[in-house]
file run_35.cif (mmCIF, C-alpha atoms)
data_entry
#
loop_
_atom_site.label_atom_id
_atom_site.label_comp_id
_atom_site.auth_asym_id
_atom_site.auth_seq_id
_atom_site.Cartn_x
_atom_site.Cartn_y
_atom_site.Cartn_z
CA MET Z 9 0.00 0.00 0.00
CA SER Z 10 0.86 3.66 0.09
CA ALA Z 11 3.82 5.10 1.91
CA LEU Z 12 1.73 8.15 2.80
CA THR Z 13 0.94 8.88 6.42
CA ARG Z 14 -2.68 9.04 7.54
CA GLU Z 15 -2.43 12.84 7.62
CA GLU Z 16 -1.06 12.94 4.06
CA LYS Z 17 -3.91 10.71 2.90
CA GLN Z 18 -6.42 12.99 4.60
CA THR Z 19 -4.85 16.01 2.85
CA LEU Z 20 -5.20 14.23 -0.49
CA ILE Z 21 -8.83 13.36 0.29
CA ARG Z 22 -9.55 17.00 1.23
CA ALA Z 23 -8.11 18.09 -2.12
CA ALA Z 24 -10.45 15.66 -3.89
CA PHE Z 25 -13.44 17.06 -1.98
CA GLU Z 26 -12.40 20.59 -2.97
CA ALA Z 27 -12.07 19.55 -6.62
CA ARG Z 28 -15.52 17.96 -6.51
CA LYS Z 29 -17.02 21.42 -5.85
CA GLN Z 30 -16.16 22.34 -9.46
CA ALA Z 31 -17.92 19.32 -11.02
CA VAL Z 32 -20.22 19.95 -13.97
CA ALA Z 33 -22.76 17.13 -13.79
CA PRO Z 34 -26.13 18.37 -15.09
CA TYR Z 35 -27.10 14.95 -16.51
CA SER Z 36 -26.07 12.42 -13.86
CA CYS Z 37 -26.19 14.86 -10.93
CA PHE Z 38 -23.27 12.83 -9.56
CA ALA Z 39 -20.26 14.99 -8.67
CA VAL Z 40 -16.80 13.43 -8.47
CA GLY Z 41 -13.48 14.88 -7.37
CA ALA Z 42 -10.03 13.39 -7.63
CA ALA Z 43 -6.59 14.31 -6.34
CA LEU Z 44 -3.63 12.60 -8.01
CA ARG Z 45 -0.25 12.66 -6.23
CA SER Z 46 2.85 12.60 -8.37
CA ALA Z 47 6.03 10.77 -7.42
CA ASP Z 48 7.62 14.14 -6.57
CA GLY Z 49 4.75 15.04 -4.22
CA ARG Z 50 2.79 17.47 -6.38
CA VAL Z 51 -0.99 17.09 -6.38
CA PHE Z 52 -3.15 17.49 -9.48
CA THR Z 53 -6.90 17.72 -9.01
CA GLY Z 54 -9.81 17.11 -11.31
CA CYS Z 55 -13.59 16.98 -11.37
CA ASN Z 56 -16.03 15.32 -13.70
CA ILE Z 57 -17.19 17.47 -16.60
CA GLU Z 58 -20.26 16.15 -18.39
CA ASN Z 59 -21.44 16.81 -21.92
CA ALA Z 60 -24.89 16.25 -23.45
CA ALA Z 61 -23.33 13.93 -26.02
CA LEU Z 62 -22.00 11.82 -23.10
CA THR Z 63 -18.94 10.44 -24.94
CA PRO Z 64 -16.96 13.70 -24.55
CA THR Z 65 -17.58 13.63 -20.79
CA SER Z 66 -14.40 13.56 -18.73
CA CYS Z 67 -14.26 11.85 -15.37
CA ALA Z 68 -12.46 13.48 -12.44
CA GLU Z 69 -9.62 10.96 -12.46
CA ARG Z 70 -8.83 11.50 -16.14
CA THR Z 71 -9.12 15.27 -15.74
CA ALA Z 72 -6.48 15.16 -12.99
CA LEU Z 73 -4.31 12.75 -14.98
CA PHE Z 74 -4.47 14.79 -18.17
CA LYS Z 75 -3.68 18.02 -16.28
CA ALA Z 76 -0.57 16.39 -14.84
CA VAL Z 77 0.58 14.82 -18.10
CA SER Z 78 0.02 18.11 -19.95
CA GLU Z 79 2.50 19.64 -17.49
CA GLY Z 80 5.09 16.92 -18.11
CA VAL Z 81 4.37 14.78 -15.06
CA THR Z 82 4.01 11.05 -15.76
CA ARG Z 83 4.86 9.25 -12.51
CA PHE Z 84 2.27 8.89 -9.74
CA THR Z 85 1.91 7.16 -6.39
CA ASP Z 86 -1.61 7.80 -5.08
CA ILE Z 87 -5.04 9.03 -6.10
CA ALA Z 88 -7.98 9.96 -3.88
CA VAL Z 89 -11.48 9.74 -5.34
CA VAL Z 90 -14.71 11.05 -3.81
CA GLY Z 91 -18.20 11.18 -5.22
CA ALA Z 92 -21.85 11.62 -4.32
CA ARG Z 93 -25.11 12.77 -5.81
CA MET Z 94 -25.22 16.55 -5.73
CA GLY Z 95 -26.53 17.83 -2.42
CA GLU Z 96 -26.11 14.47 -0.68
CA VAL Z 97 -23.56 13.11 1.78
CA ASN Z 98 -21.29 10.28 0.67
CA GLU Z 99 -22.66 6.93 1.80
CA LEU Z 100 -20.80 4.65 -0.59
CA VAL Z 101 -17.26 4.80 -1.85
CA THR Z 102 -16.79 5.90 -5.44
CA ALA Z 103 -14.32 3.83 -7.41
CA PRO Z 104 -12.76 4.87 -10.73
CA CYS Z 105 -14.75 3.67 -13.74
CA GLY Z 106 -13.23 1.19 -16.16
CA VAL Z 107 -12.09 3.87 -18.62
CA CYS Z 108 -10.31 5.76 -15.82
CA ARG Z 109 -8.72 2.57 -14.53
CA GLN Z 110 -7.33 1.94 -18.01
CA ALA Z 111 -6.07 5.52 -18.44
CA LEU Z 112 -4.42 5.47 -15.00
CA TYR Z 113 -2.85 2.08 -15.73
CA GLU Z 114 -1.13 3.51 -18.79
CA PHE Z 115 0.90 5.89 -16.61
CA CYS Z 116 0.80 4.34 -13.15
CA GLY Z 117 0.87 0.59 -13.60
CA ASP Z 118 -0.74 -1.74 -11.13
CA GLY Z 119 0.98 -0.28 -8.06
CA LEU Z 120 -0.95 3.00 -7.90
CA ASN Z 121 -2.63 3.37 -4.50
CA VAL Z 122 -6.32 4.23 -4.98
CA ILE Z 123 -8.00 5.86 -1.98
CA MET Z 124 -11.80 5.75 -2.28
CA ALA Z 125 -13.20 7.97 0.46
CA ARG Z 126 -16.53 8.68 2.08
CA THR Z 127 -14.87 11.17 4.47
CA GLU Z 128 -11.34 12.10 5.49
CA ASP Z 129 -11.46 9.37 8.13
CA ASP Z 130 -13.52 6.73 6.31
CA TYR Z 131 -11.85 5.34 3.21
CA ILE Z 132 -10.85 2.16 1.44
CA GLU Z 133 -7.50 1.65 -0.25
CA ARG Z 134 -6.73 -0.75 -3.08
CA THR Z 135 -3.99 -0.92 -5.65
CA LEU Z 136 -4.89 -0.26 -9.24
CA GLY Z 137 -3.86 -3.86 -9.91
CA GLU Z 138 -6.57 -5.04 -7.53
CA LEU Z 139 -9.14 -2.83 -9.28
CA LEU Z 140 -7.99 -3.81 -12.78
CA PRO Z 141 -6.72 -7.39 -12.74
CA PHE Z 142 -5.27 -8.77 -15.97
CA ALA Z 143 -4.78 -5.24 -17.28
CA PHE Z 144 -3.97 -4.60 -20.92
CA GLY Z 145 -1.17 -2.12 -21.39
CA PRO Z 146 1.91 -1.21 -23.41
CA GLN Z 147 3.51 -4.54 -22.54
CA ASN Z 148 0.73 -6.29 -24.48
CA ILE Z 149 1.41 -4.47 -27.74
#
call {"tool": "encode", "arguments": {"input": "run_35.cif", "output": "structure tokens"}}
result
Amino acid sequence: MSALTREEKQTLIRAAFEARKQAVAPYSCFAVGAALRSADGRVFTGCNIENAALTPTSCAERTALFKAVSEGVTRFTDIAVVGARMGEVNELVTAPCGVCRQALYEFCGDGLNVIMARTEDDYIERTLGELLPFAFGPQNI
């Protein structure tokens, strides 16, 4: 699992909650925030941004990933993900969707620590490898 302390994980989760405030989710009404920690300790945040055509929608995890990659950062250790219906309190953890798992795998491999949080103190951690077993990546091409 992650080498982050509990306090560092809570800081990452808080950043994901802050990012979620910017979500644009008029169709699903489900707001998601993500905070992706690079190997050098920088944090890149993202929110979901929906589109009426649905396919162009970007999930929070990919928004954070693409922000980081567009700034030249390609090595990551942890990601915190939070989500809930707008105006409601988190009751379930929100895991990255399959598309996000694949995009994260491309840059992070199976060792990325994924923190799926209800609150700063209530979260589940899994590696990306646990969430995406038998992943297909560059090694398969």
call {"tool": "atom_distance", "arguments": {"input": "run_35.cif", "atom1": "atom CA of Z:Ala11", "atom2": "atom CA of Z:Thr85"}}
result
8.8 Å
call {"tool": "closest_residue", "arguments": {"input": "run_35.cif", "among": "Z:Ala125, Z:Ala33, Z:Ile132, Z:Cys105", "to": "Z:Leu62", "atoms": "only C-alpha atoms"}}
result
Z:Ala33
call {"tool": "closest_residue", "arguments": {"input": "run_35.cif", "among": "Z:Val32, Z:Val101, Z:Cys67, Z:Ala42", "to": "Z:Asp86", "atoms": "only C-alpha atoms"}}
result
Z:Ala42
call {"tool": "closest_residue", "arguments": {"input": "run_35.cif", "among": "Z:Val89, Z:Cys37, Z:Val77, Z:Ala103", "to": "Z:Cys55", "atoms": "all atoms listed in the file"}}
result
Z:Val89
call {"tool": "resolve_selection", "arguments": {"input": "run_35.cif", "expression": "the PyMOL selection byres ((chain Z and resi 136) around 9)", "output": "list in words"}}
result
Arg109, Leu112, Tyr113, Cys116, Gly117, Asp118, Gly119, Leu120, Asn121, Val122, Arg134, Thr135, Gly137, Glu138, Leu139, Leu140 and Pro141 of chain Z
call {"tool": "resolve_selection", "arguments": {"input": "run_35.cif", "expression": "the PyMOL selection byres ((chain Z and resi 68) around 7)", "output": "MDAnalysis selection string"}}
result
chainID Z and resid 40:42 54:56 66:67 69:72
call {"tool": "residues_near_point", "arguments": {"input": "run_35.cif", "point": "(8.4, 8.2, -9.7)", "cutoff": "7 Å", "atoms": "only C-alpha atoms", "output": "PyMOL selection string"}}
result
chain Z and resi 47-48+83-84
call {"tool": "closest_residue", "arguments": {"input": "run_35.cif", "among": "Z:Leu12, Z:Ala76, Z:Ala88, Z:Ala27", "to": "Z:Glu128", "atoms": "all atoms listed in the file"}}
result
Z:Ala88
call {"tool": "axis_aligned_box", "arguments": {"input": "run_35.cif", "around": "stretch 25-38 of chain Z", "padding_each_side": "3 Å", "output": "lines of an AutoDock Vina configuration file"}}
result
center_x = -19.6
center_y = 17.4
center_z = -9.2
size_x = 21.0
size_y = 15.9
size_z = 20.5
call {"tool": "atom_distance", "arguments": {"input": "run_35.cif", "atom1": "atom CA of Z:Phe115", "atom2": "atom CA of Z:Ala60"}}
result
28.6 Å
call {"tool": "atom_distance", "arguments": {"input": "run_35.cif", "atom1": "atom CA of Z:Tyr35", "atom2": "atom CA of Z:Ala92"}}
result
13.7 Å
call {"tool": "closest_residue", "arguments": {"input": "run_35.cif", "among": "Z:Ala111, Z:Ala31, Z:Val90, Z:Val81", "to": "Z:Gly49", "atoms": "all atoms listed in the file"}}
result
Z:Val81
call {"tool": "resolve_selection", "arguments": {"input": "run_35.cif", "expression": "the PyMOL selection byres ((chain Z and resi 97) around 12)", "output": "JSON, numbers by chain"}}
result
{"Z": [25, 38, 39, 90, 91, 92, 93, 94, 95, 96, 98, 99, 100, 101, 125, 126, 127]}
call {"tool": "closest_residue", "arguments": {"input": "run_35.cif", "among": "Z:Ala143, Z:Asp129, Z:Arg45, Z:Ile149", "to": "Z:Ser10", "atoms": "only C-alpha atoms"}}
result
Z:Arg45
call {"tool": "build_atoms", "arguments": {"input": "run_35.cif", "residues": "stretch 21-32 of chain Z", "atoms": "all heavy atoms", "output": "PDB file, in the frame of the given file"}}
result
ATOM      1  N   ILE Z  21      -7.369  13.499   0.319  1.00  0.00           N
ATOM      2  CA  ILE Z  21      -8.830  13.360   0.290  1.00  0.00           C
ATOM      3  C   ILE Z  21      -9.495  14.736   0.328  1.00  0.00           C
ATOM      4  O   ILE Z  21     -10.438  14.997  -0.430  1.00  0.00           O
ATOM      5  CB  ILE Z  21      -9.315  12.460   1.446  1.00  0.00           C
ATOM      6  CG1 ILE Z  21      -8.854  11.017   1.228  1.00  0.00           C
ATOM      7  CG2 ILE Z  21     -10.841  12.527   1.603  1.00  0.00           C
ATOM      8  CD1 ILE Z  21      -8.978  10.125   2.458  1.00  0.00           C
ATOM      9  N   ARG Z  22      -8.998  15.636   1.178  1.00  0.00           N
ATOM     10  CA  ARG Z  22      -9.550  17.000   1.230  1.00  0.00           C
ATOM     11  C   ARG Z  22      -9.423  17.688  -0.121  1.00  0.00           C
ATOM     12  O   ARG Z  22     -10.340  18.393  -0.563  1.00  0.00           O
ATOM     13  CB  ARG Z  22      -8.861  17.827   2.315  1.00  0.00           C
ATOM     14  CG  ARG Z  22      -9.421  17.618   3.698  1.00  0.00           C
ATOM     15  CD  ARG Z  22      -8.949  18.664   4.686  1.00  0.00           C
ATOM     16  NE  ARG Z  22      -7.499  18.681   4.884  1.00  0.00           N
ATOM     17  CZ  ARG Z  22      -6.838  17.877   5.716  1.00  0.00           C
ATOM     18  NH1 ARG Z  22      -7.492  16.979   6.439  1.00  0.00           N
ATOM     19  NH2 ARG Z  22      -5.539  17.970   5.834  1.00  0.00           N
ATOM     20  N   ALA Z  23      -8.300  17.488  -0.791  1.00  0.00           N
ATOM     21  CA  ALA Z  23      -8.110  18.090  -2.120  1.00  0.00           C
ATOM     22  C   ALA Z  23      -9.124  17.538  -3.111  1.00  0.00           C
ATOM     23  O   ALA Z  23      -9.637  18.274  -3.963  1.00  0.00           O
ATOM     24  CB  ALA Z  23      -6.677  17.834  -2.605  1.00  0.00           C
ATOM     25  N   ALA Z  24      -9.439  16.258  -3.009  1.00  0.00           N
ATOM     26  CA  ALA Z  24     -10.450  15.660  -3.890  1.00  0.00           C
ATOM     27  C   ALA Z  24     -11.833  16.244  -3.602  1.00  0.00           C
ATOM     28  O   ALA Z  24     -12.600  16.535  -4.529  1.00  0.00           O
ATOM     29  CB  ALA Z  24     -10.465  14.138  -3.724  1.00  0.00           C
ATOM     30  N   PHE Z  25     -12.156  16.440  -2.328  1.00  0.00           N
ATOM     31  CA  PHE Z  25     -13.440  17.060  -1.980  1.00  0.00           C
ATOM     32  C   PHE Z  25     -13.517  18.488  -2.512  1.00  0.00           C
ATOM     33  O   PHE Z  25     -14.561  18.917  -3.002  1.00  0.00           O
ATOM     34  CB  PHE Z  25     -13.669  17.055  -0.458  1.00  0.00           C
ATOM     35  CG  PHE Z  25     -14.285  15.787   0.055  1.00  0.00           C
ATOM     36  CD1 PHE Z  25     -13.566  14.924   0.867  1.00  0.00           C
ATOM     37  CD2 PHE Z  25     -15.598  15.449  -0.274  1.00  0.00           C
ATOM     38  CE1 PHE Z  25     -14.134  13.753   1.350  1.00  0.00           C
ATOM     39  CE2 PHE Z  25     -16.178  14.270   0.213  1.00  0.00           C
ATOM     40  CZ  PHE Z  25     -15.437  13.426   1.021  1.00  0.00           C
ATOM     41  N   GLU Z  26     -12.425  19.228  -2.429  1.00  0.00           N
ATOM     42  CA  GLU Z  26     -12.400  20.590  -2.970  1.00  0.00           C
ATOM     43  C   GLU Z  26     -12.601  20.574  -4.483  1.00  0.00           C
ATOM     44  O   GLU Z  26     -13.348  21.388  -5.026  1.00  0.00           O
ATOM     45  CB  GLU Z  26     -11.095  21.298  -2.617  1.00  0.00           C
ATOM     46  CG  GLU Z  26     -11.067  21.849  -1.218  1.00  0.00           C
ATOM     47  CD  GLU Z  26     -12.159  22.870  -0.952  1.00  0.00           C
ATOM     48  OE1 GLU Z  26     -12.313  23.830  -1.746  1.00  0.00           O
ATOM     49  OE2 GLU Z  26     -12.879  22.714   0.053  1.00  0.00           O
ATOM     50  N   ALA Z  27     -11.936  19.651  -5.160  1.00  0.00           N
ATOM     51  CA  ALA Z  27     -12.070  19.550  -6.620  1.00  0.00           C
ATOM     52  C   ALA Z  27     -13.500  19.202  -7.009  1.00  0.00           C
ATOM     53  O   ALA Z  27     -14.010  19.694  -8.028  1.00  0.00           O
ATOM     54  CB  ALA Z  27     -11.099  18.493  -7.156  1.00  0.00           C
ATOM     55  N   ARG Z  28     -14.146  18.378  -6.209  1.00  0.00           N
ATOM     56  CA  ARG Z  28     -15.520  17.960  -6.510  1.00  0.00           C
ATOM     57  C   ARG Z  28     -16.472  19.159  -6.567  1.00  0.00           C
ATOM     58  O   ARG Z  28     -17.459  19.145  -7.306  1.00  0.00           O
ATOM     59  CB  ARG Z  28     -16.001  16.951  -5.476  1.00  0.00           C
ATOM     60  CG  ARG Z  28     -17.350  16.331  -5.843  1.00  0.00           C
ATOM     61  CD  ARG Z  28     -17.786  15.307  -4.862  1.00  0.00           C
ATOM     62  NE  ARG Z  28     -18.298  15.983  -3.667  1.00  0.00           N
ATOM     63  CZ  ARG Z  28     -18.805  15.358  -2.623  1.00  0.00           C
ATOM     64  NH1 ARG Z  28     -18.851  14.052  -2.590  1.00  0.00           N
ATOM     65  NH2 ARG Z  28     -19.236  16.032  -1.592  1.00  0.00           N
ATOM     66  N   LYS Z  29     -16.169  20.223  -5.859  1.00  0.00           N
ATOM     67  CA  LYS Z  29     -17.020  21.420  -5.850  1.00  0.00           C
ATOM     68  C   LYS Z  29     -17.116  22.046  -7.248  1.00  0.00           C
ATOM     69  O   LYS Z  29     -18.055  22.783  -7.520  1.00  0.00           O
ATOM     70  CB  LYS Z  29     -16.482  22.453  -4.867  1.00  0.00           C
ATOM     71  CG  LYS Z  29     -16.613  22.031  -3.418  1.00  0.00           C
ATOM     72  CD  LYS Z  29     -15.998  23.072  -2.501  1.00  0.00           C
ATOM     73  CE  LYS Z  29     -16.083  22.652  -1.049  1.00  0.00           C
ATOM     74  NZ  LYS Z  29     -15.415  23.625  -0.160  1.00  0.00           N
ATOM     75  N   GLN Z  30     -16.166  21.764  -8.120  1.00  0.00           N
ATOM     76  CA  GLN Z  30     -16.160  22.340  -9.460  1.00  0.00           C
ATOM     77  C   GLN Z  30     -16.825  21.428 -10.501  1.00  0.00           C
ATOM     78  O   GLN Z  30     -16.876  21.758 -11.683  1.00  0.00           O
ATOM     79  CB  GLN Z  30     -14.703  22.618  -9.904  1.00  0.00           C
ATOM     80  CG  GLN Z  30     -13.952  23.539  -8.975  1.00  0.00           C
ATOM     81  CD  GLN Z  30     -14.651  24.869  -8.767  1.00  0.00           C
ATOM     82  OE1 GLN Z  30     -15.158  25.457  -9.709  1.00  0.00           O
ATOM     83  NE2 GLN Z  30     -14.691  25.338  -7.533  1.00  0.00           N
ATOM     84  N   ALA Z  31     -17.324  20.281 -10.083  1.00  0.00           N
ATOM     85  CA  ALA Z  31     -17.920  19.320 -11.020  1.00  0.00           C
ATOM     86  C   ALA Z  31     -19.061  19.946 -11.816  1.00  0.00           C
ATOM     87  O   ALA Z  31     -19.830  20.753 -11.301  1.00  0.00           O
ATOM     88  CB  ALA Z  31     -18.431  18.095 -10.262  1.00  0.00           C
ATOM     89  N   VAL Z  32     -19.131  19.545 -13.072  1.00  0.00           N
ATOM     90  CA  VAL Z  32     -20.220  19.950 -13.970  1.00  0.00           C
ATOM     91  C   VAL Z  32     -20.954  18.659 -14.321  1.00  0.00           C
ATOM     92  O   VAL Z  32     -20.495  17.896 -15.162  1.00  0.00           O
ATOM     93  CB  VAL Z  32     -19.686  20.658 -15.225  1.00  0.00           C
ATOM     94  CG1 VAL Z  32     -20.829  21.032 -16.150  1.00  0.00           C
ATOM     95  CG2 VAL Z  32     -18.854  21.872 -14.843  1.00  0.00           C
TER      96      VAL Z  32
END
